[in-house]
Structure formats: structure tokens, C-alpha cells
Amino acid sequence: MKPEVVESLAWSRAADRREGGLLPAVVQDAGNQRVLMLGYMSRQALEFTLSSGWVTFYSRSRARLWTKGESSGHRLALVSIEADCDGDTLLVQARPLGPTCHLDRASCFAGAPASVLATLDALIAQRDRERPDGSYTTQLLQLGVTRAAQKVGEEGVETALAAVVQDDAALLGEAADLTYHLLVLLRLRGLGLAELDETLRGRGG
């Protein structure tokens with residue numbers, strides 16, 4: 001994100017209404033959409049975040065800028081920042097490099113939900129990079145596009161049959177199998193859930 005975005009966030013007008021010139025910044029995992037933490041940004045923290053690419057806050061207890069993960073190494077790689085409709089709260093989309101919470105949890109909010117599909121897509125991408133032995137996903141990736149496409153066809157037929165002659169649990173099970181194999185096929189073509197989501201958004205319902 002470019003530094004000139006600072007001005008489009010109407011920073012001074014919004015921050016001047018708040019004590020200390022700080023705005024709350026909600027951090028969300030750009031991959032699975034889980035809310036990770038809440039911090040506070042000064043204008044300087046925002047500018048440093050935009051220029052460095054690492055999410056940085058103003059620490060009220062330390063009275064200085066603080067880049068998340070500067071001691072643990074569990075940093076937050078910036079994806080995007082936007083202000084809410086009133087311009088007084090920031091939404092930060094980031095990719096976490098390790099657990100965000102100091103308790104070694106993914107999120108500071110123990111019950112924060114995440115997109116199951118996005119989590120699965122990220123796991124398939126990880127399997128594609130690492131190719132661990134004994135993994136069914138690894139085996140399918142190694143067999144290539146043709147075999148993955150065959151599996152999608154098989155699972156599609158089984159899903160259609162389940163919809164006609166089986167109960168809801170069976171249908172959902174087959175639909176889950178179909179979704180998994182489709183994500184593997186997309187990964188083999190260098191695509192993923194993000195591109196599928198963009199395509200669906202472009203259709204406008």
C-alpha cells in the first residue's frame with residue numbers, strides 16, 4: 001500500500017477527536033478473516049506501517065512506536081488498511097508470521113471465528129510448498145491436474161447422486177469432498193480461493 005493512503009484515511013480530523021491522537025486498529029488475518037488483535041495507531045505508527053510493510057502500533061504503556069513481533073519475530077505483514085465510515089477506526093488486513101497473541105495463540109480472542117474454506121485453502125497451499133510424506137494432499141498434487149480433475153468429476157457425480165437419493169448428512173459429506181478436491185485442482189493451476197472469490201464477486205449475484 002502506498003504512503004499517500006494516509007491522507008485518504010482522513011487521519012487528522014478523526015484522530016483529533018480522540019484522546020492522545022490515537023485511533024483503534026482492528027487487525028484481521030487477510031487469509032482466513034479471523035480477528036487477531038486490537039491495537040492503537042498514531043499518525044506516525046500508520047506512516048511507518050505503510051512505509052515498512054510491517055504492522056506497527058503506538059504502545060501506550062511504553063510511550064513509543066512498537067512493531068508487532070519485534071521481540072518474538074511473530075510479525076504482521078501488511079496487506080491493506082482502511083478506515084470505517086466515520087473515519088475513527090482502522091481495519092488492518094495482515095498476514096501473520098506466527099501466533100499473534102502473547103499466549104502463543106493465533107488470535108488474542110480465543111473464540112474468534114475463521115473461514116473454514118480459507119483455512120483449508122491455506123493448508124493446501126502449504127502442502128503444495130512443502131510436499132510432506134504421507135499426506136493425501138501431497139499425493140494428489142504429485143499426480144497432477146488430470147488426476148485432480150478426474151477426482152472433481154467423480155465427487156461431483158457423487159454429490160449429485162447424494163442430493164437425489166441420500167440424506168442431508170451424506171449430501172454434506174459429498175459436498176465437502178467435492179470442495180476439497182476442487183481447491184486442490186485450483187492450486188495445481190496456480191489459483192486459489194482468493195481468485196474464486198474475486199470471480200464470484202464480479203458476477204454481482
# chains A, B, ... in the order shown; residues from 1 in each chain; ligands from 1

$ residues_around --residues "range 149-153 of chain A" --least-positions-apart "6" --cutoff "10 Å" --atoms "only C-alpha atoms" --output "short mmCIF file (atom, residue, chain, number, x, y, z; two decimals) with N, CA and C atoms, in the first residue's frame"
data_model
loop_
_atom_site.label_atom_id
_atom_site.label_comp_id
_atom_site.auth_asym_id
_atom_site.auth_seq_id
_atom_site.Cartn_x
_atom_site.Cartn_y
_atom_site.Cartn_z
N LEU A 140 -2.02 -36.30 -4.15
CA LEU A 140 -2.89 -35.78 -5.21
C LEU A 140 -2.19 -34.69 -6.01
N THR A 159 -21.86 -36.19 -5.40
CA THR A 159 -22.64 -35.14 -4.74
C THR A 159 -24.04 -35.04 -5.35
N ASP A 177 -16.25 -33.22 0.24
CA ASP A 177 -15.23 -33.90 -0.57
C ASP A 177 -15.02 -33.17 -1.90
N LEU A 178 -16.12 -32.77 -2.52
CA LEU A 178 -16.05 -32.06 -3.79
C LEU A 178 -15.31 -30.73 -3.63
N THR A 179 -15.62 -29.99 -2.57
CA THR A 179 -14.98 -28.70 -2.33
C THR A 179 -13.48 -28.86 -2.13
N TYR A 180 -13.10 -29.85 -1.33
CA TYR A 180 -11.68 -30.09 -1.09
C TYR A 180 -10.94 -30.38 -2.40
N HIS A 181 -11.46 -31.30 -3.19
CA HIS A 181 -10.78 -31.68 -4.43
C HIS A 181 -10.76 -30.52 -5.43
N LEU A 182 -11.80 -29.70 -5.42
CA LEU A 182 -11.81 -28.53 -6.30
C LEU A 182 -10.71 -27.54 -5.91
N LEU A 183 -10.51 -27.34 -4.61
CA LEU A 183 -9.45 -26.45 -4.15
C LEU A 183 -8.06 -26.98 -4.53
N VAL A 184 -7.89 -28.30 -4.46
CA VAL A 184 -6.63 -28.89 -4.87
C VAL A 184 -6.41 -28.66 -6.37
N LEU A 185 -7.45 -28.86 -7.17
CA LEU A 185 -7.35 -28.64 -8.61
C LEU A 185 -6.99 -27.19 -8.93
N LEU A 186 -7.64 -26.26 -8.25
CA LEU A 186 -7.32 -24.85 -8.46
C LEU A 186 -5.86 -24.57 -8.12
N LEU A 188 -3.35 -26.57 -8.27
CA LEU A 188 -2.49 -27.11 -9.32
C LEU A 188 -2.44 -26.21 -10.55
#

$ select_by_dssp --residues "range 24-174 of chain A" --states "alpha helix (DSSP H)" --output "PyMOL selection string"
chain A and resi 43-52+116-130+136-143+145-165+168-174

$ residues_around --residues "Ala77 in chain A" --least-positions-apart "2" --cutoff "7 Å" --atoms "only C-alpha atoms" --output "number ranges by chain"
A: 53-55, 75, 79, 94-96

$ closest_residue --among "A:Asn32, A:Thr138, A:Ser80, A:Thr67" --to "Ala194 in chain A" --atoms "only C-alpha atoms"
A:Asn32

$ select_by_dssp --residues "chain A" --states "strand (DSSP E)" --output "PDB file with N, CA and C atoms, in the first residue's frame"
ATOM      1  N   LEU A  23      -5.944   6.185  17.123  1.00  0.00           N
ATOM      2  CA  LEU A  23      -7.120   5.502  16.598  1.00  0.00           C
ATOM      3  C   LEU A  23      -6.999   4.010  16.867  1.00  0.00           C
ATOM      4  N   PRO A  24      -8.107   3.358  17.285  1.00  0.00           N
ATOM      5  CA  PRO A  24      -8.076   1.899  17.439  1.00  0.00           C
ATOM      6  C   PRO A  24      -7.908   1.235  16.078  1.00  0.00           C
ATOM      7  N   ALA A  25      -7.103   0.187  16.051  1.00  0.00           N
ATOM      8  CA  ALA A  25      -6.843  -0.535  14.813  1.00  0.00           C
ATOM      9  C   ALA A  25      -7.135  -2.011  15.030  1.00  0.00           C
ATOM     10  N   VAL A  26      -8.182  -2.502  14.378  1.00  0.00           N
ATOM     11  CA  VAL A  26      -8.547  -3.912  14.444  1.00  0.00           C
ATOM     12  C   VAL A  26      -7.751  -4.652  13.385  1.00  0.00           C
ATOM     13  N   VAL A  27      -7.025  -5.687  13.800  1.00  0.00           N
ATOM     14  CA  VAL A  27      -6.198  -6.447  12.856  1.00  0.00           C
ATOM     15  C   VAL A  27      -6.890  -7.756  12.515  1.00  0.00           C
ATOM     16  N   GLN A  28      -7.014  -8.017  11.246  1.00  0.00           N
ATOM     17  CA  GLN A  28      -7.697  -9.205  10.749  1.00  0.00           C
ATOM     18  C   GLN A  28      -6.754  -9.985   9.838  1.00  0.00           C
ATOM     19  N   ASP A  29      -6.781 -11.315   9.968  1.00  0.00           N
ATOM     20  CA  ASP A  29      -5.984 -12.183   9.104  1.00  0.00           C
ATOM     21  C   ASP A  29      -6.534 -12.083   7.681  1.00  0.00           C
ATOM     22  N   VAL A  35     -10.286 -12.317  13.310  1.00  0.00           N
ATOM     23  CA  VAL A  35      -9.817 -11.123  14.012  1.00  0.00           C
ATOM     24  C   VAL A  35      -8.664 -11.535  14.920  1.00  0.00           C
ATOM     25  N   LEU A  36      -7.528 -10.851  14.797  1.00  0.00           N
ATOM     26  CA  LEU A  36      -6.328 -11.249  15.515  1.00  0.00           C
ATOM     27  C   LEU A  36      -6.089 -10.453  16.790  1.00  0.00           C
ATOM     28  N   MET A  37      -6.269  -9.153  16.722  1.00  0.00           N
ATOM     29  CA  MET A  37      -5.952  -8.324  17.885  1.00  0.00           C
ATOM     30  C   MET A  37      -6.493  -6.909  17.689  1.00  0.00           C
ATOM     31  N   LEU A  38      -6.403  -6.127  18.750  1.00  0.00           N
ATOM     32  CA  LEU A  38      -6.730  -4.703  18.706  1.00  0.00           C
ATOM     33  C   LEU A  38      -5.525  -3.928  19.201  1.00  0.00           C
ATOM     34  N   GLY A  39      -5.112  -2.945  18.443  1.00  0.00           N
ATOM     35  CA  GLY A  39      -4.026  -2.063  18.868  1.00  0.00           C
ATOM     36  C   GLY A  39      -4.427  -0.626  18.621  1.00  0.00           C
ATOM     37  N   TYR A  40      -3.501   0.310  18.881  1.00  0.00           N
ATOM     38  CA  TYR A  40      -3.777   1.723  18.654  1.00  0.00           C
ATOM     39  C   TYR A  40      -2.669   2.316  17.792  1.00  0.00           C
ATOM     40  N   MET A  41      -3.064   3.124  16.835  1.00  0.00           N
ATOM     41  CA  MET A  41      -2.104   3.738  15.931  1.00  0.00           C
ATOM     42  C   MET A  41      -2.121   5.260  16.058  1.00  0.00           C
ATOM     43  N   THR A  56       2.576  -1.709  12.688  1.00  0.00           N
ATOM     44  CA  THR A  56       3.211  -1.025  13.813  1.00  0.00           C
ATOM     45  C   THR A  56       2.175  -0.196  14.552  1.00  0.00           C
ATOM     46  N   PHE A  57       2.237  -0.224  15.873  1.00  0.00           N
ATOM     47  CA  PHE A  57       1.289   0.493  16.715  1.00  0.00           C
ATOM     48  C   PHE A  57       2.022   1.539  17.552  1.00  0.00           C
ATOM     49  N   TYR A  58       1.215   2.340  18.262  1.00  0.00           N
ATOM     50  CA  TYR A  58       1.774   3.191  19.307  1.00  0.00           C
ATOM     51  C   TYR A  58       1.478   2.512  20.629  1.00  0.00           C
ATOM     52  N   SER A  59       2.540   2.145  21.367  1.00  0.00           N
ATOM     53  CA  SER A  59       2.373   1.489  22.659  1.00  0.00           C
ATOM     54  C   SER A  59       2.115   2.539  23.728  1.00  0.00           C
ATOM     55  N   ARG A  64       5.895   4.747  22.910  1.00  0.00           N
ATOM     56  CA  ARG A  64       6.724   4.756  21.706  1.00  0.00           C
ATOM     57  C   ARG A  64       6.079   3.882  20.633  1.00  0.00           C
ATOM     58  N   LEU A  65       6.608   3.973  19.410  1.00  0.00           N
ATOM     59  CA  LEU A  65       6.143   3.083  18.359  1.00  0.00           C
ATOM     60  C   LEU A  65       6.582   1.657  18.670  1.00  0.00           C
ATOM     61  N   TRP A  66       5.738   0.721  18.301  1.00  0.00           N
ATOM     62  CA  TRP A  66       6.010  -0.692  18.589  1.00  0.00           C
ATOM     63  C   TRP A  66       5.553  -1.530  17.397  1.00  0.00           C
ATOM     64  N   THR A  67       6.522  -2.159  16.740  1.00  0.00           N
ATOM     65  CA  THR A  67       6.198  -3.045  15.628  1.00  0.00           C
ATOM     66  C   THR A  67       5.857  -4.417  16.181  1.00  0.00           C
ATOM     67  N   LEU A  76       3.441  -9.022  11.695  1.00  0.00           N
ATOM     68  CA  LEU A  76       2.235  -8.953  10.876  1.00  0.00           C
ATOM     69  C   LEU A  76       2.585  -8.233   9.577  1.00  0.00           C
ATOM     70  N   ALA A  77       2.558  -8.961   8.470  1.00  0.00           N
ATOM     71  CA  ALA A  77       2.861  -8.372   7.165  1.00  0.00           C
ATOM     72  C   ALA A  77       1.617  -7.657   6.645  1.00  0.00           C
ATOM     73  N   LEU A  78       1.761  -6.380   6.356  1.00  0.00           N
ATOM     74  CA  LEU A  78       0.627  -5.566   5.931  1.00  0.00           C
ATOM     75  C   LEU A  78       0.088  -5.987   4.574  1.00  0.00           C
ATOM     76  N   VAL A  79      -1.244  -6.076   4.490  1.00  0.00           N
ATOM     77  CA  VAL A  79      -1.922  -6.292   3.215  1.00  0.00           C
ATOM     78  C   VAL A  79      -2.689  -5.032   2.815  1.00  0.00           C
ATOM     79  N   SER A  80      -3.470  -4.482   3.747  1.00  0.00           N
ATOM     80  CA  SER A  80      -4.222  -3.262   3.445  1.00  0.00           C
ATOM     81  C   SER A  80      -4.686  -2.606   4.735  1.00  0.00           C
ATOM     82  N   ILE A  81      -5.027  -1.330   4.619  1.00  0.00           N
ATOM     83  CA  ILE A  81      -5.608  -0.581   5.737  1.00  0.00           C
ATOM     84  C   ILE A  81      -6.751   0.258   5.188  1.00  0.00           C
ATOM     85  N   GLU A  82      -7.846   0.279   5.928  1.00  0.00           N
ATOM     86  CA  GLU A  82      -8.939   1.183   5.567  1.00  0.00           C
ATOM     87  C   GLU A  82      -9.594   1.713   6.834  1.00  0.00           C
ATOM     88  N   ALA A  83     -10.205   2.872   6.702  1.00  0.00           N
ATOM     89  CA  ALA A  83     -10.930   3.469   7.818  1.00  0.00           C
ATOM     90  C   ALA A  83     -12.399   3.097   7.718  1.00  0.00           C
ATOM     91  N   LEU A  90      -9.641   1.944  12.399  1.00  0.00           N
ATOM     92  CA  LEU A  90      -8.933   1.369  11.262  1.00  0.00           C
ATOM     93  C   LEU A  90      -9.114  -0.139  11.225  1.00  0.00           C
ATOM     94  N   LEU A  91      -9.251  -0.663  10.019  1.00  0.00           N
ATOM     95  CA  LEU A  91      -9.245  -2.112   9.808  1.00  0.00           C
ATOM     96  C   LEU A  91      -7.966  -2.442   9.060  1.00  0.00           C
ATOM     97  N   VAL A  92      -7.130  -3.255   9.702  1.00  0.00           N
ATOM     98  CA  VAL A  92      -5.840  -3.637   9.139  1.00  0.00           C
ATOM     99  C   VAL A  92      -5.910  -5.098   8.705  1.00  0.00           C
ATOM    100  N   GLN A  93      -5.713  -5.341   7.437  1.00  0.00           N
ATOM    101  CA  GLN A  93      -5.625  -6.704   6.919  1.00  0.00           C
ATOM    102  C   GLN A  93      -4.144  -7.067   6.862  1.00  0.00           C
ATOM    103  N   ALA A  94      -3.784  -8.222   7.448  1.00  0.00           N
ATOM    104  CA  ALA A  94      -2.380  -8.603   7.521  1.00  0.00           C
ATOM    105  C   ALA A  94      -2.228 -10.109   7.405  1.00  0.00           C
ATOM    106  N   ARG A  95      -1.000 -10.521   7.119  1.00  0.00           N
ATOM    107  CA  ARG A  95      -0.663 -11.939   7.109  1.00  0.00           C
ATOM    108  C   ARG A  95       0.261 -12.202   8.292  1.00  0.00           C
ATOM    109  N   PRO A  96      -0.205 -12.957   9.285  1.00  0.00           N
ATOM    110  CA  PRO A  96       0.607 -13.180  10.484  1.00  0.00           C
ATOM    111  C   PRO A  96       1.740 -14.163  10.240  1.00  0.00           C
TER     112      PRO A  96
END

$ atom_distance --atom1 "CA of Ile124 in chain A" --atom2 "CA of Thr100 in chain A"
21.8 Å

$ atom_distance --atom1 "CA of Ala148 in chain A" --atom2 "CA of Gly202 in chain A"
26.2 Å

$ residues_around --residues "His102 in chain A" --least-positions-apart "4" --cutoff "10 Å" --atoms "only C-alpha atoms" --output "list in words"
Gly69, Ser72, His74, Ala106, Ser107 and Cys108 of chain A

$ write_last_selection --atoms "C-alpha atoms" --output "JSON list (two decimals), in the first residue's frame"
[["chain", "number", "residue", "atom", "x", "y", "z"],
["A", 69, "GLY", "CA", 6.68, -9.13, 16.78],
["A", 72, "SER", "CA", 9.11, -12.60, 19.24],
["A", 74, "HIS", "CA", 5.81, -13.06, 15.04],
["A", 106, "ALA", "CA", -3.36, -17.45, 16.66],
["A", 107, "SER", "CA", -5.63, -14.69, 17.95],
["A", 108, "CYS", "CA", -5.88, -12.62, 21.12]]

$ residues_around --residues "Glu174 in chain A" --least-positions-apart "4" --cutoff "10 Å" --atoms "only C-alpha atoms" --output "PyMOL selection string"
chain A and resi 155-163+168-170+178-180

$ write_last_selection --atoms "N, CA and C atoms" --output "compact mmCIF listing (two decimals), in the first residue's frame"
# COMPACT_ATOMS: atom_id res chain seq x y z
N GLU A 155 -16.33 -36.76 -7.62
CA GLU A 155 -17.00 -36.21 -6.44
C GLU A 155 -18.24 -35.40 -6.83
N GLY A 156 -18.20 -34.78 -8.01
CA GLY A 156 -19.37 -34.04 -8.47
C GLY A 156 -20.55 -34.96 -8.73
N VAL A 157 -20.27 -36.12 -9.36
CA VAL A 157 -21.33 -37.11 -9.61
C VAL A 157 -21.87 -37.64 -8.29
N GLU A 158 -20.97 -37.96 -7.35
CA GLU A 158 -21.41 -38.49 -6.06
C GLU A 158 -22.23 -37.47 -5.28
N THR A 159 -21.86 -36.19 -5.40
CA THR A 159 -22.64 -35.14 -4.74
C THR A 159 -24.04 -35.04 -5.35
N ALA A 160 -24.11 -35.10 -6.67
CA ALA A 160 -25.42 -35.03 -7.34
C ALA A 160 -26.30 -36.21 -6.96
N LEU A 161 -25.73 -37.40 -6.91
CA LEU A 161 -26.49 -38.59 -6.52
C LEU A 161 -26.96 -38.50 -5.09
N ALA A 162 -26.09 -38.02 -4.20
CA ALA A 162 -26.47 -37.87 -2.80
C ALA A 162 -27.64 -36.91 -2.63
N ALA A 163 -27.66 -35.88 -3.47
CA ALA A 163 -28.74 -34.90 -3.38
C ALA A 163 -30.08 -35.52 -3.75
N ASP A 168 -29.36 -35.63 4.29
CA ASP A 168 -28.60 -34.39 4.31
C ASP A 168 -27.15 -34.60 4.73
N ALA A 169 -26.93 -35.49 5.70
CA ALA A 169 -25.57 -35.73 6.18
C ALA A 169 -24.69 -36.28 5.06
N ALA A 170 -25.25 -37.21 4.29
CA ALA A 170 -24.50 -37.78 3.18
C ALA A 170 -24.21 -36.72 2.12
N LEU A 178 -16.12 -32.77 -2.52
CA LEU A 178 -16.05 -32.06 -3.79
C LEU A 178 -15.31 -30.73 -3.63
N THR A 179 -15.62 -29.99 -2.57
CA THR A 179 -14.98 -28.70 -2.33
C THR A 179 -13.48 -28.86 -2.13
N TYR A 180 -13.10 -29.85 -1.33
CA TYR A 180 -11.68 -30.09 -1.09
C TYR A 180 -10.94 -30.38 -2.40

$ atom_distance --atom1 "CA of Arg131 in chain A" --atom2 "CA of Leu143 in chain A"
12.1 Å

$ closest_residue --among "A:Pro132, A:Gly31, A:Gly173, A:Gly98" --to "Leu117 in chain A" --atoms "only C-alpha atoms"
A:Gly31
